[in-house]
>>> print(open('data-v6.cif').read())   # mmCIF, C-alpha atoms and all ligand atoms
data_structure
#
loop_
_atom_site.label_atom_id
_atom_site.label_comp_id
_atom_site.auth_asym_id
_atom_site.auth_seq_id
_atom_site.Cartn_x
_atom_site.Cartn_y
_atom_site.Cartn_z
CA MET A 1 46.49 132.08 124.64
CA GLY A 2 45.70 128.74 122.82
CA GLU A 3 46.14 130.55 119.51
CA ASN A 4 49.60 131.82 120.60
CA LYS A 5 50.65 128.29 121.59
CA SER A 6 49.66 126.81 118.22
CA GLU A 7 51.49 129.65 116.50
CA ARG A 8 54.70 128.76 118.38
CA LYS A 9 54.56 125.06 117.31
CA SER A 10 57.12 124.32 114.62
CA PRO A 11 57.92 120.66 113.86
CA THR A 12 61.27 121.60 112.32
CA SER A 13 62.49 123.76 115.21
CA ARG A 14 65.64 122.71 117.16
CA LEU A 15 63.89 123.48 120.45
CA THR A 16 61.75 120.76 121.97
CA SER A 17 59.44 123.39 123.46
CA GLU A 18 58.77 124.82 120.02
CA ARG A 19 58.15 121.34 118.59
CA GLY A 20 55.28 121.03 121.10
CA MET A 21 56.80 118.16 123.14
CA PRO A 22 55.06 117.59 126.46
CA GLY A 23 57.23 118.47 129.48
CA ALA A 24 59.80 120.30 127.33
CA PHE A 25 62.17 122.74 129.02
CA GLU A 26 62.86 126.17 127.68
CA GLY A 27 66.01 126.06 125.47
CA GLU A 28 66.16 122.22 125.35
CA THR A 29 67.14 120.78 121.95
CA VAL A 30 67.13 117.03 122.74
CA SER A 31 64.31 115.40 124.65
CA ARG A 32 65.24 113.52 127.83
CA ARG A 33 63.86 110.31 126.35
CA ARG A 34 66.03 110.58 123.26
CA PHE A 35 69.06 111.51 125.38
CA MET A 36 68.61 108.47 127.67
CA THR A 37 68.09 106.19 124.66
CA GLY A 38 71.36 107.45 123.16
CA VAL A 39 73.22 106.89 126.44
CA ALA A 40 71.84 103.34 126.74
CA HIS A 41 72.83 102.49 123.13
CA SER A 42 76.33 103.91 123.58
CA ALA A 43 76.83 101.92 126.79
CA GLY A 44 75.65 98.78 124.99
CA ILE A 45 78.11 99.35 122.11
CA VAL A 46 81.01 99.91 124.52
CA ALA A 47 80.10 96.78 126.51
CA ALA A 48 79.79 94.62 123.37
CA ALA A 49 83.07 95.95 121.91
CA SER A 50 84.93 95.29 125.17
CA PHE A 51 84.58 91.53 124.73
CA THR A 52 84.18 91.08 120.95
CA LEU A 53 87.25 93.11 119.87
CA PRO A 54 89.78 91.18 122.03
CA ALA A 55 88.19 87.88 120.94
CA LEU A 56 88.43 88.91 117.27
CA GLY A 57 92.04 89.96 117.78
CA PHE A 58 92.97 86.57 119.27
CA ALA A 59 91.13 84.72 116.50
CA LEU A 60 92.52 86.71 113.55
CA ALA A 61 96.09 87.49 114.66
CA PRO A 62 97.49 84.02 113.77
CA VAL A 63 96.05 84.36 110.24
CA PHE A 64 98.37 87.30 109.55
CA ASP A 65 101.39 85.75 111.30
CA ARG A 66 103.97 84.80 108.66
CA ALA A 67 105.84 81.58 109.35
CA PRO A 68 109.50 82.33 110.19
CA ILE A 69 112.12 81.39 107.59
CA THR A 70 113.91 78.18 108.57
CA TRP A 71 116.85 76.54 106.81
CA HIS A 72 117.38 72.77 106.78
CA PRO A 73 120.87 71.26 106.23
CA ILE A 74 120.86 68.50 103.57
CA GLY A 75 124.58 67.74 103.17
CA PRO A 76 127.71 69.19 101.57
CA PHE A 77 127.67 70.86 98.14
CA SER A 78 130.21 68.28 96.94
CA GLY A 79 127.49 65.62 97.35
CA ILE A 80 124.99 67.40 95.08
CA PRO A 81 124.93 65.84 91.58
CA GLU A 82 125.39 67.90 88.43
CA VAL A 83 123.38 66.17 85.72
CA THR A 84 120.73 64.24 87.59
CA TYR A 85 118.66 64.61 90.73
CA LYS A 86 119.35 63.26 94.18
CA PRO A 87 116.37 62.67 96.50
CA VAL A 88 116.84 64.13 99.97
CA VAL A 89 114.56 63.71 102.97
CA PHE A 90 114.52 66.61 105.38
CA THR A 91 112.46 67.81 108.32
CA LEU A 92 110.07 70.42 106.98
CA VAL A 93 107.93 70.70 110.15
CA PRO A 94 109.89 69.91 113.31
CA GLY A 95 108.34 68.28 116.37
CA ILE A 96 105.78 66.01 114.68
CA GLY A 97 107.94 63.02 113.79
CA ASP A 98 107.69 61.37 110.38
CA ALA A 99 104.67 63.50 109.49
CA GLY A 100 106.99 66.51 109.34
CA LEU A 101 109.39 64.94 106.82
CA ALA A 102 109.44 66.03 103.19
CA LEU A 103 111.21 64.80 100.07
CA ALA A 104 113.00 67.12 97.65
CA TYR A 105 114.96 66.39 94.48
CA VAL A 106 118.19 68.39 94.30
CA ARG A 107 120.87 69.03 91.71
CA ARG A 108 123.35 71.76 90.86
CA HIS A 109 122.27 74.74 88.76
CA ILE A 110 123.04 74.21 85.06
CA ASP A 111 123.32 77.46 83.09
CA ALA A 112 122.46 75.79 79.79
CA ILE A 113 119.16 74.50 81.20
CA ASP A 114 118.28 76.95 83.98
CA GLY A 115 119.68 80.18 82.52
CA PRO A 116 121.96 82.49 84.49
CA VAL A 117 121.99 82.12 88.28
CA LYS A 118 119.36 84.53 89.67
CA ASP A 119 120.85 85.12 93.11
CA ARG A 120 122.65 83.35 95.94
CA TYR A 121 119.62 81.09 96.50
CA ASP A 122 119.91 79.57 93.03
CA HIS A 123 123.19 77.61 92.98
CA VAL A 124 121.34 74.42 93.89
CA VAL A 125 117.98 73.55 92.33
CA ALA A 126 115.61 71.82 94.79
CA LEU A 127 112.25 70.60 93.49
CA SER A 128 109.40 69.63 95.77
CA SER A 129 108.21 66.05 95.32
CA ARG A 130 104.62 67.10 95.87
CA CYS A 131 102.60 67.08 92.64
CA VAL A 132 100.90 70.45 92.10
CA HIS A 133 97.70 68.81 90.88
CA VAL A 134 96.37 67.44 94.18
CA GLY A 135 99.58 66.71 96.06
CA CYS A 136 100.60 63.09 95.31
CA PRO A 137 104.34 62.34 95.55
CA VAL A 138 106.10 62.44 92.18
CA ARG A 139 109.04 60.18 91.26
CA PHE A 140 112.06 61.12 89.17
CA SER A 141 112.74 58.76 86.29
CA ALA A 142 116.45 58.98 85.38
CA ALA A 143 115.77 56.94 82.22
CA SER A 144 113.52 59.64 80.72
CA ASP A 145 114.72 62.64 82.77
CA THR A 146 111.13 63.33 83.79
CA PHE A 147 109.09 63.46 86.98
CA ILE A 148 106.06 61.21 86.91
CA CYS A 149 103.02 61.40 89.13
CA PRO A 150 101.30 58.04 89.61
CA CYS A 151 97.92 59.45 90.64
CA HIS A 152 96.56 61.02 87.45
CA GLY A 153 99.44 60.74 85.00
CA GLY A 154 101.04 64.15 85.49
CA ILE A 155 104.45 64.40 83.79
CA TYR A 156 107.07 67.12 84.32
CA ASP A 157 110.30 67.64 82.34
CA PHE A 158 113.83 67.74 83.78
CA ARG A 159 113.27 71.31 85.09
CA GLY A 160 109.98 70.34 86.71
CA VAL A 161 107.86 72.06 84.04
CA ARG A 162 104.62 70.23 83.25
CA ILE A 163 104.61 68.47 79.89
CA GLY A 164 101.56 66.26 80.35
CA GLY A 165 98.53 65.50 82.50
CA PRO A 166 96.44 67.78 84.71
CA PRO A 167 98.98 69.68 86.89
CA PRO A 168 98.36 73.44 86.42
CA ARG A 169 101.96 74.67 86.92
CA PRO A 170 105.56 73.42 87.28
CA LEU A 171 106.70 71.62 90.43
CA ASP A 172 107.30 73.90 93.40
CA ARG A 173 110.85 74.60 94.52
CA PHE A 174 112.78 75.44 97.67
CA TYR A 175 115.22 78.31 98.11
CA THR A 176 118.71 76.91 98.68
CA LEU A 177 121.77 78.42 100.28
CA ILE A 178 125.39 77.27 100.50
CA ARG A 179 126.98 78.00 103.87
CA PRO A 180 130.64 79.12 103.96
CA ASP A 181 131.56 75.61 105.20
CA GLY A 182 129.97 74.08 102.06
CA MET A 183 126.79 72.79 103.76
CA VAL A 184 123.69 73.13 101.54
CA LEU A 185 120.54 74.41 103.22
CA LEU A 186 116.95 74.17 102.03
CA GLY A 187 114.77 77.18 102.82
CA PRO A 188 111.17 78.18 102.19
CA ARG A 189 109.11 76.68 99.38
CA PHE A 190 108.07 78.84 96.42
CA SER A 191 106.05 78.29 93.26
CA VAL A 192 107.14 79.01 89.69
CA ASN A 193 105.32 79.70 86.43
CA ASN A 194 106.15 78.16 83.09
CA GLU A 195 109.02 80.66 82.60
CA LEU A 196 110.34 79.58 86.03
CA ARG A 197 109.63 83.01 87.48
CA ARG A 198 109.33 82.79 91.26
CA PHE A 199 106.03 83.34 93.09
CA SER A 200 105.05 83.02 96.72
CA PRO A 201 104.02 79.42 97.48
CA ARG A 202 100.63 78.33 96.20
CA ASP A 203 98.54 75.30 97.06
CA PRO A 204 98.07 72.33 94.69
CA GLY A 205 95.63 73.02 91.88
CA GLU A 206 96.42 76.75 91.73
CA PRO A 207 97.97 78.08 88.48
CA VAL A 208 100.34 81.07 88.59
CA ASP A 209 100.49 81.83 84.88
CA GLY A 210 98.31 84.64 83.49
CA ILE A 211 95.35 85.67 85.57
CA GLY A 212 95.83 82.66 87.88
CA GLN A 213 98.46 84.51 89.89
CA TYR A 214 95.79 87.03 90.94
CA LEU A 215 92.93 84.56 91.35
CA TYR A 216 94.94 82.34 93.70
CA PRO A 217 97.06 84.50 96.02
CA SER A 218 99.25 82.69 98.53
CA ARG A 219 98.11 82.14 102.09
CA PHE A 220 99.06 84.74 104.73
CA THR A 221 100.72 82.08 106.87
CA THR A 222 103.37 81.06 104.34
CA SER A 223 106.98 82.23 104.79
CA ASP A 224 108.27 85.32 103.05
CA ALA A 225 111.05 85.00 100.48
CA PRO A 226 114.51 85.25 102.07
CA PRO A 227 116.17 88.68 101.94
CA GLY A 228 117.52 89.69 98.52
CA ALA A 229 115.71 86.91 96.62
CA LYS A 230 114.81 87.90 93.06
CA SER A 231 111.73 86.82 91.16
S1 LIG A 301 98.12 64.41 91.84
FE1 LIG A 301 99.66 64.35 90.31
S2 LIG A 301 98.57 64.28 88.48
FE2 LIG A 301 97.03 64.34 89.99
#
>>> encode(input="data-v6.cif", output="structure tokens")
Amino acid sequence: MGENKSERKSPTSRLTSERGMPGAFEGETVSRRRFMTGVAHSAGIVAAASFTLPALGFALAPVFDRAPITWHPIGPFSGIPEVTYKPVVFTLVPGIGDAGLALAYVRRHIDAIDGPVKDRYDHVVALSSRCVHVGCPVRFSAASDTFICPCHGGIYDFRGVRIGGPPPRPLDRFYTLIRPDGMVLLGPRFSVNNELRRFSPRDPGEPVDGIGQYLYPSRFTTSDAPPGAKS
């Protein structure tokens, strides 16, 4: 009898009775202990997921929320100069008072300097006054047709392209639009490389020429380009 039992033992068998498990039922393939352990682990996973997944969703959803495109009126097209820049203050972030104001330098598009107009957002050139090194405000010098940053000596030419100092790319720009009634609107900010090709907005210190455009992608929360904008 004992000999028969040992003959029936097979550690690789699917049946618990044939693997010699104490208390095994005939035809059973999973022991009750293993089954109960599996049930307890599954219940634990479901319970943990029921409160961690919603919490993760709430925490991460805003990261992927693009800011809506907003347009800010800055005055009639007739008031935009042709051969120099005009500083305009506008509300970039509404609802937070002076902290939401920003300064841009605007002028009309000049084919001889800027090349052909890219699209309907390119009839007015609007440069951000924020230096792309670490963000100090730059000042336009009409005497030398350059933008000068007082912090570390960054210098940009008339188009906002860096010609000296540590800034890693040209000054950022804003999309502009001329309403049918002649009002000029400033839209989302964008970055440009040295050929003035448009890129999604980057933070100060981030180059967009060469491999830099891949090493420093824009943040998820920045606005998309307006519809039909070309690079
Ligand atoms: S912040 Fe403008 S050069 Fe450093």
>>> atom_distance(input="data-v6.cif", atom1="atom CA of A:Ser191", atom2="atom CA of A:Asp172")
4.6 Å
>>> closest_atom_pairs(input="data-v6.cif", of="stretch 59-140 of chain A", to="stretch 176-184 of chain A", cutoff="12 Å", atoms="all atoms listed in the file", output="Markdown table")
| residue | atom | partner | partner_atom | distance |
| --- | --- | --- | --- | --- |
| A:Ile69 | CA | A:Thr176 | CA | 12.0 |
| A:Thr70 | CA | A:Thr176 | CA | 11.1 |
| A:Trp71 | CA | A:Thr176 | CA | 8.3 |
| A:His72 | CA | A:Val184 | CA | 8.2 |
| A:Pro73 | CA | A:Val184 | CA | 5.8 |
| A:Ile74 | CA | A:Val184 | CA | 5.8 |
| A:Gly75 | CA | A:Met183 | CA | 5.5 |
| A:Pro76 | CA | A:Met183 | CA | 4.3 |
| A:Phe77 | CA | A:Gly182 | CA | 5.6 |
| A:Ser78 | CA | A:Gly182 | CA | 7.7 |
| A:Gly79 | CA | A:Val184 | CA | 9.4 |
| A:Ile80 | CA | A:Val184 | CA | 8.7 |
| A:Val88 | CA | A:Val184 | CA | 11.4 |
| A:Phe90 | CA | A:Val184 | CA | 11.9 |
| A:Ala104 | CA | A:Thr176 | CA | 11.4 |
| A:Tyr105 | CA | A:Thr176 | CA | 11.9 |
| A:Val106 | CA | A:Thr176 | CA | 9.6 |
| A:Arg107 | CA | A:Thr176 | CA | 10.7 |
| A:Arg108 | CA | A:Thr176 | CA | 10.5 |
| A:His109 | CA | A:Thr176 | CA | 10.8 |
| A:Lys118 | CA | A:Thr176 | CA | 11.8 |
| A:Asp119 | CA | A:Leu177 | CA | 9.9 |
| A:Arg120 | CA | A:Leu177 | CA | 6.6 |
| A:Tyr121 | CA | A:Thr176 | CA | 4.8 |
| A:Asp122 | CA | A:Thr176 | CA | 6.4 |
| A:His123 | CA | A:Thr176 | CA | 7.3 |
| A:Val124 | CA | A:Thr176 | CA | 6.0 |
| A:Val125 | CA | A:Thr176 | CA | 7.2 |
| A:Ala126 | CA | A:Thr176 | CA | 7.1 |
| A:Leu127 | CA | A:Thr176 | CA | 10.4 |
>>> residues_near_ligand(input="data-v6.cif", ligand="ligand LIG 301 (chain A)", cutoff="9 Å", atoms="only C-alpha atoms and all ligand atoms", output="PyMOL selection string")
chain A and resi 130-138+148-155+164-167+204-205
>>> closest_residue(input="data-v6.cif", among="A:Arg162, A:His41, A:Arg19, A:Arg189", to="A:Asp203", atoms="only C-alpha atoms")
A:Arg189
>>> residues_around(input="data-v6.cif", residues="A:Gln213", least_positions_apart="3", cutoff="10 Å", atoms="all atoms listed in the file", output="list in words")
Asn193, Phe199, Ser200, Arg202, Glu206, Pro207, Val208, Asp209, Gly210, Tyr216, Pro217 and Ser218 of chain A
>>> closest_residue(input="data-v6.cif", among="A:Thr37, A:Pro201, A:Asp98, A:Ser17", to="A:Phe220", atoms="all atoms listed in the file")
A:Pro201
>>> closest_residue(input="data-v6.cif", among="A:Ala55, A:Ser42, A:Ser31, A:Arg198", to="A:Glu18", atoms="all atoms listed in the file")
A:Ser31
>>> atom_distance(input="data-v6.cif", atom1="atom CA of A:Glu82", atom2="atom CA of A:Ile163")
22.5 Å
>>> axis_aligned_box(input="data-v6.cif", around="stretch 169-186 of chain A", padding_each_side="6 Å", output="JSON")
{"center_x": 116.8, "center_y": 75.4, "center_z": 96.1, "size_x": 41.6, "size_y": 19.5, "size_z": 30.3}
>>> atom_distance(input="data-v6.cif", atom1="atom CA of A:Ala229", atom2="atom CA of A:Glu195")
16.7 Å
>>> closest_residue(input="data-v6.cif", among="A:Pro87, A:Pro81, A:Gly115, A:Gly228", to="A:Leu103", atoms="all atoms listed in the file")
A:Pro87
